[in-house]
Each structure stands twice: as structure tokens, then as C-alpha cells.
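Worksheet: the structure to be examined is printed underneath.
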Amino acid sequence: MIKPADVSTKRLISLAPDNWVKWVTQIPDIVAGEILNSEFQWISRESDVLIRVESSQHGKFLVLNELQLRYKPEMPRRMRAYAALAEEKYNLPTYPVLINILKASDAEIPTSYASNIAGLRAIQDYRVINLWEVDVNIAFAQPLPSLLPFVPILKGGDNESKIRDALQILRADEQLNQLETVLGFFATFVLDSAIVQQILRWDMALLEQSPWYQEIFSKGEARGEARGELRGRKEELYSGIELALEIKFGNQGLELMPIISQITDLQKLKAIQQAIRTVNTVNELQQILSTNLT
């Protein structure tokens, strides 16, 4: 039986850092060095992964990898801030990369930040990689083991065959087999939960031990219980449900929040949060909501 693993982005990228930086920068002679501390003095948040690299053409510089589950409008400003802070801390030029995991909308995602105040300009370009536009075969061909857990959401990866291929590679490598829960997590976005269980040959309860899964689907309940007051539990459950809806169904799921906010019974809210884990469509969830509203 597999055990819960450290599936942070730093762990994923550290599996094959040279191949990773070649892929995100498209610089063929780039070589990865140390994965640096990305905690900055002026802000409490860490950038995902900061790597010192070197290239014969460009010399020494930093590759800043910012992974987002879904793109948010504030990302251009954040990319500007993270790039500037990284350069300040390490005194090296920075190549920022924004990697979006799940598609939020059809709107075009900007590749730069720009402002102009009284003729003074601030401009920050960055590379954007949308995983749903990345050919699934890249994960197998380069090889890029860091991409294997994301196979179900890559272009052409939303089928049993590709997911089984990725699973076989993960299970055959002692360094990679703990990433199976991440693969299973993303597989539930494209396949029926029963099929995912059949492919992975373990109960979905094991998937819930994945840090990715816990962060998304258990956040509200855990924080609410910790606060220990009725109002707090409700607010945090609403927050957790809203986050889970956005992750699994995007804007279509968020349209259900006005209905869910009418429900005040804690047990019903917990039941809805549990249901989001297992349903495959918004329509299925709407039927459950109808039952809880009666």
C-alpha cells in the first residue's frame, strides 16, 4: 500500500531539475544548480520553486517557477513582485515562469505586467505555461517525471490508456511511486471515480490522504472545527465548499454557492462537502442540494 507523500512542487521539480528548466525556458544548454530558499523578507508567502541555473549563452540566472491551480487576475502583479524580490535577494537576473494547472476560463492569460504612472513605467514579462495545452507525450518522451502526476489534465491525457501508462512508470520507480495519489487526484477530474478506483486498485479513502486532496476538500471543515464556535464552523465550511467547487467545476460550480449559502445546518453542509468529492457533474450535485434544502 502506498503511503501519504511529500508532493510539494519543490519535490516534483527536484526529480529531474535539468529537464524541468530546459522545458520551462526552452534553453537547450541550461543546467540546473541549487534549488534556493524562496522565502522573502518583505512578504510572508514563498514563491513555489526558485532554481539557480547556468547557460553558456545567458550565464548565471534564476528560474522562478510559480504553479497555480487556476489562474487568477492578480498573477501579473505577483509575478512582477516575485521576480523583483528574487533578483534583490540573490543579485541575479530572473526568468519567471507561471504554470497554470487547471483551466479557469477561455480568456487569454497575459504574459506580462505593465503600469504607467505619470510617464514612469514598470514592465515585467514572464512565460506562461498552461498544462491543458501541453502535449501529454512530453511527459513520457523527455522524460519529465515532474509532469507524470499531471498526465490526466495534459492535452490528450484524459483517457484510461495514458493514465495507466503514467501509473506504470510511477509504480516502477521507488522515487516516484509515492506520487500516485497526485495522479489519482487529477484523474478524478476527467474520469468517473469508480474507473479511477479500478485503474489505481485502491480505495478512494487513500486518495483523501493526499495533501493536495486534503488542502482542497478538507480545508473548511478542519478550520471550522478548530475555531470551536458555531458561526466560525459555518463560515469555514462555506469557504471550503466554495474552494472545492471552484477547483472541481470552475465557474459553473461557483454558481451553486447562492443556493448552498441558504443551508445553515452543519451536518448538511458537511454532507455537501463530502458529496463534491464523489459526484462527477454539477447536475448530480444539484440533485443532492435539492434534497438538503427540503
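If you're wondering about the labels, chains in the C-alpha cells are A, B, ... by order shown, residues count from 1 in each chain, ligands from 1 in order shown.
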
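Those residues in segment 56-107 of chain A carrying a DSSP assignment of alpha helix (DSSP H), computed from the backbone, are A:Met75, A:Pro76, A:Arg77, A:Arg78, A:Met79, A:Arg80, A:Ala81, A:Tyr82, A:Ala83, A:Ala84, A:Leu85, A:Ala86, A:Glu87, A:Glu88, A:Lys89, A:Tyr90.
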
Using C-alpha atoms, can you export the residues from the last selection as a PDB file, in the first residue's frame?
ATOM      1  CA  MET A  75      -0.998  36.948 -11.015  1.00  0.00           C
ATOM      2  CA  PRO A  76       0.723  39.525 -13.319  1.00  0.00           C
ATOM      3  CA  ARG A  77       1.337  41.824 -10.338  1.00  0.00           C
ATOM      4  CA  ARG A  78       2.536  38.903  -8.226  1.00  0.00           C
ATOM      5  CA  MET A  79       4.929  37.745 -10.940  1.00  0.00           C
ATOM      6  CA  ARG A  80       6.414  41.229 -11.041  1.00  0.00           C
ATOM      7  CA  ALA A  81       6.852  41.232  -7.254  1.00  0.00           C
ATOM      8  CA  TYR A  82       8.332  37.722  -7.017  1.00  0.00           C
ATOM      9  CA  ALA A  83      10.804  38.342  -9.845  1.00  0.00           C
ATOM     10  CA  ALA A  84      11.994  41.612  -8.291  1.00  0.00           C
ATOM     11  CA  LEU A  85      12.350  40.119  -4.810  1.00  0.00           C
ATOM     12  CA  ALA A  86      14.298  37.127  -6.162  1.00  0.00           C
ATOM     13  CA  GLU A  87      16.693  39.409  -8.037  1.00  0.00           C
ATOM     14  CA  GLU A  88      17.159  41.574  -4.954  1.00  0.00           C
ATOM     15  CA  LYS A  89      17.881  38.625  -2.683  1.00  0.00           C
ATOM     16  CA  TYR A  90      20.311  36.735  -4.946  1.00  0.00           C
TER      17      TYR A  90
END

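Residues in contact with segment 163-165 of chain A at up to 10 Å, not including ones fewer than 4 positions away on its chain and judged by only C-alpha atoms, are Phe140, Leu148, Pro149, Phe150, Val151, Pro152, Ile153, Gly157, Asp158, Asn159, Ile169, Leu170, Leu183, Gly184, Phe186, Ala187, Val196, Ile199 and Leu200 of chain A.
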
I'd like the neighbourhood of Gln142 of chain A as number ranges by chain, where a residue qualifies if any of its atoms comes within 12 Å (using only C-alpha atoms), though same-chain residues fewer than 2 positions away should be ignored. A: 16, 18-20, 22-23, 135-140, 144-148

- Tell me, as JSON, numbers by chain, which residues lie within 9 Å of Lys10 of chain A, counting only C-alpha atoms; anything in the same chain fewer than 2 positions away does not count. {"A": [7, 8, 12, 13, 14, 15, 35, 48, 49, 50]}

Writing out the chosen residues with C-alpha atoms as a PDB file, in the first residue's frame:
ATOM      1  CA  VAL A   7       4.074  16.043  -3.143  1.00  0.00           C
ATOM      2  CA  SER A   8       5.041  19.688  -2.995  1.00  0.00           C
ATOM      3  CA  LEU A  12       8.149  17.288  -8.056  1.00  0.00           C
ATOM      4  CA  ILE A  13      10.603  19.614  -9.777  1.00  0.00           C
ATOM      5  CA  SER A  14      13.595  18.219  -7.872  1.00  0.00           C
ATOM      6  CA  LEU A  15      13.007  14.812  -9.505  1.00  0.00           C
ATOM      7  CA  ILE A  35      17.100  24.929  -5.524  1.00  0.00           C
ATOM      8  CA  ASP A  48       6.885  27.967  -5.400  1.00  0.00           C
ATOM      9  CA  VAL A  49      10.338  26.944  -6.637  1.00  0.00           C
ATOM     10  CA  LEU A  50      13.382  29.120  -7.301  1.00  0.00           C
TER      11      LEU A  50
END

Margin query: Applying 6 Å and only C-alpha atoms, which residues near Leu154 of chain A remain after dropping the ones on its own chain fewer than 5 positions away? List them as a VMD selection string.
Written below: chain A and resid 131 to 132 134 136

Could you write those residues out with N, CA and C atoms, as a CSV table (one decimal), in the first residue's frame?
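Output saved as result_4.csv:
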chain,number,residue,atom,x,y,z
A,131,LEU,N,-1.0,23.9,-18.5
A,131,LEU,CA,-0.8,22.5,-18.6
A,131,LEU,C,-1.8,21.8,-19.5
A,132,TRP,N,-3.0,22.4,-19.6
A,132,TRP,CA,-4.0,21.8,-20.5
A,132,TRP,C,-3.7,21.9,-22.0
A,134,VAL,N,-0.4,21.5,-22.9
A,134,VAL,CA,0.9,20.8,-23.1
A,134,VAL,C,0.6,19.3,-23.6
A,136,VAL,N,0.6,15.6,-23.9
A,136,VAL,CA,0.8,14.6,-22.8
A,136,VAL,C,2.1,13.8,-23.1

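Closest to Leu98 of chain A among A:Leu120, A:Val24, A:Leu237, A:Leu167 is A:Val24, based on only C-alpha atoms.
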
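Coordinates place atom CA of Asp192 of chain A at a distance of 28.0 Å from atom CA of Gln175 of chain A.
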
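The space separating atom CA of Gln68 of chain A from atom CA of Asn100 of chain A comes to 4.9 Å.
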
The distance between atom CA of Gly253 of chain A and atom CA of Val282 of chain A is 6.4 Å

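Nearest residue to Leu285 of chain A among A:Ile241, A:Val21, A:Leu266, A:Ile101 is A:Ile241, counting only C-alpha atoms.
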
- Query: Quick one: residues within 6 Å of Tyr126 of chain A, only C-alpha atoms counted, chain neighbours fewer than 6 positions away excluded, as a PyMOL selection string?
  - Reply: chain A and resi 96-97+111-112

Writer output for current selection, N, CA and C atoms, as an mmCIF file, in the first residue's frame:
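Result file is out-v8.cif:
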data_model
loop_
_atom_site.group_PDB
_atom_site.id
_atom_site.type_symbol
_atom_site.label_atom_id
_atom_site.label_comp_id
_atom_site.auth_asym_id
_atom_site.auth_seq_id
_atom_site.Cartn_x
_atom_site.Cartn_y
_atom_site.Cartn_z
ATOM 1 N N PRO A 96 11.060 34.413 -14.947
ATOM 2 C CA PRO A 96 9.850 33.951 -14.253
ATOM 3 C C PRO A 96 8.951 33.116 -15.163
ATOM 4 N N VAL A 97 8.408 32.058 -14.601
ATOM 5 C CA VAL A 97 7.502 31.174 -15.346
ATOM 6 C C VAL A 97 6.242 30.953 -14.512
ATOM 7 N N THR A 111 0.911 37.630 -20.515
ATOM 8 C CA THR A 111 2.288 37.167 -20.318
ATOM 9 C C THR A 111 3.196 38.293 -19.832
ATOM 10 N N SER A 112 2.595 39.381 -19.361
ATOM 11 C CA SER A 112 3.411 40.472 -18.838
ATOM 12 C C SER A 112 2.582 41.347 -17.908
#

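With only C-alpha atoms as the atoms that count, the minimum distance from His58 of chain A to the choices A:Asp29, A:Glu34, A:Glu74, A:Glu284 is reached by A:Asp29.
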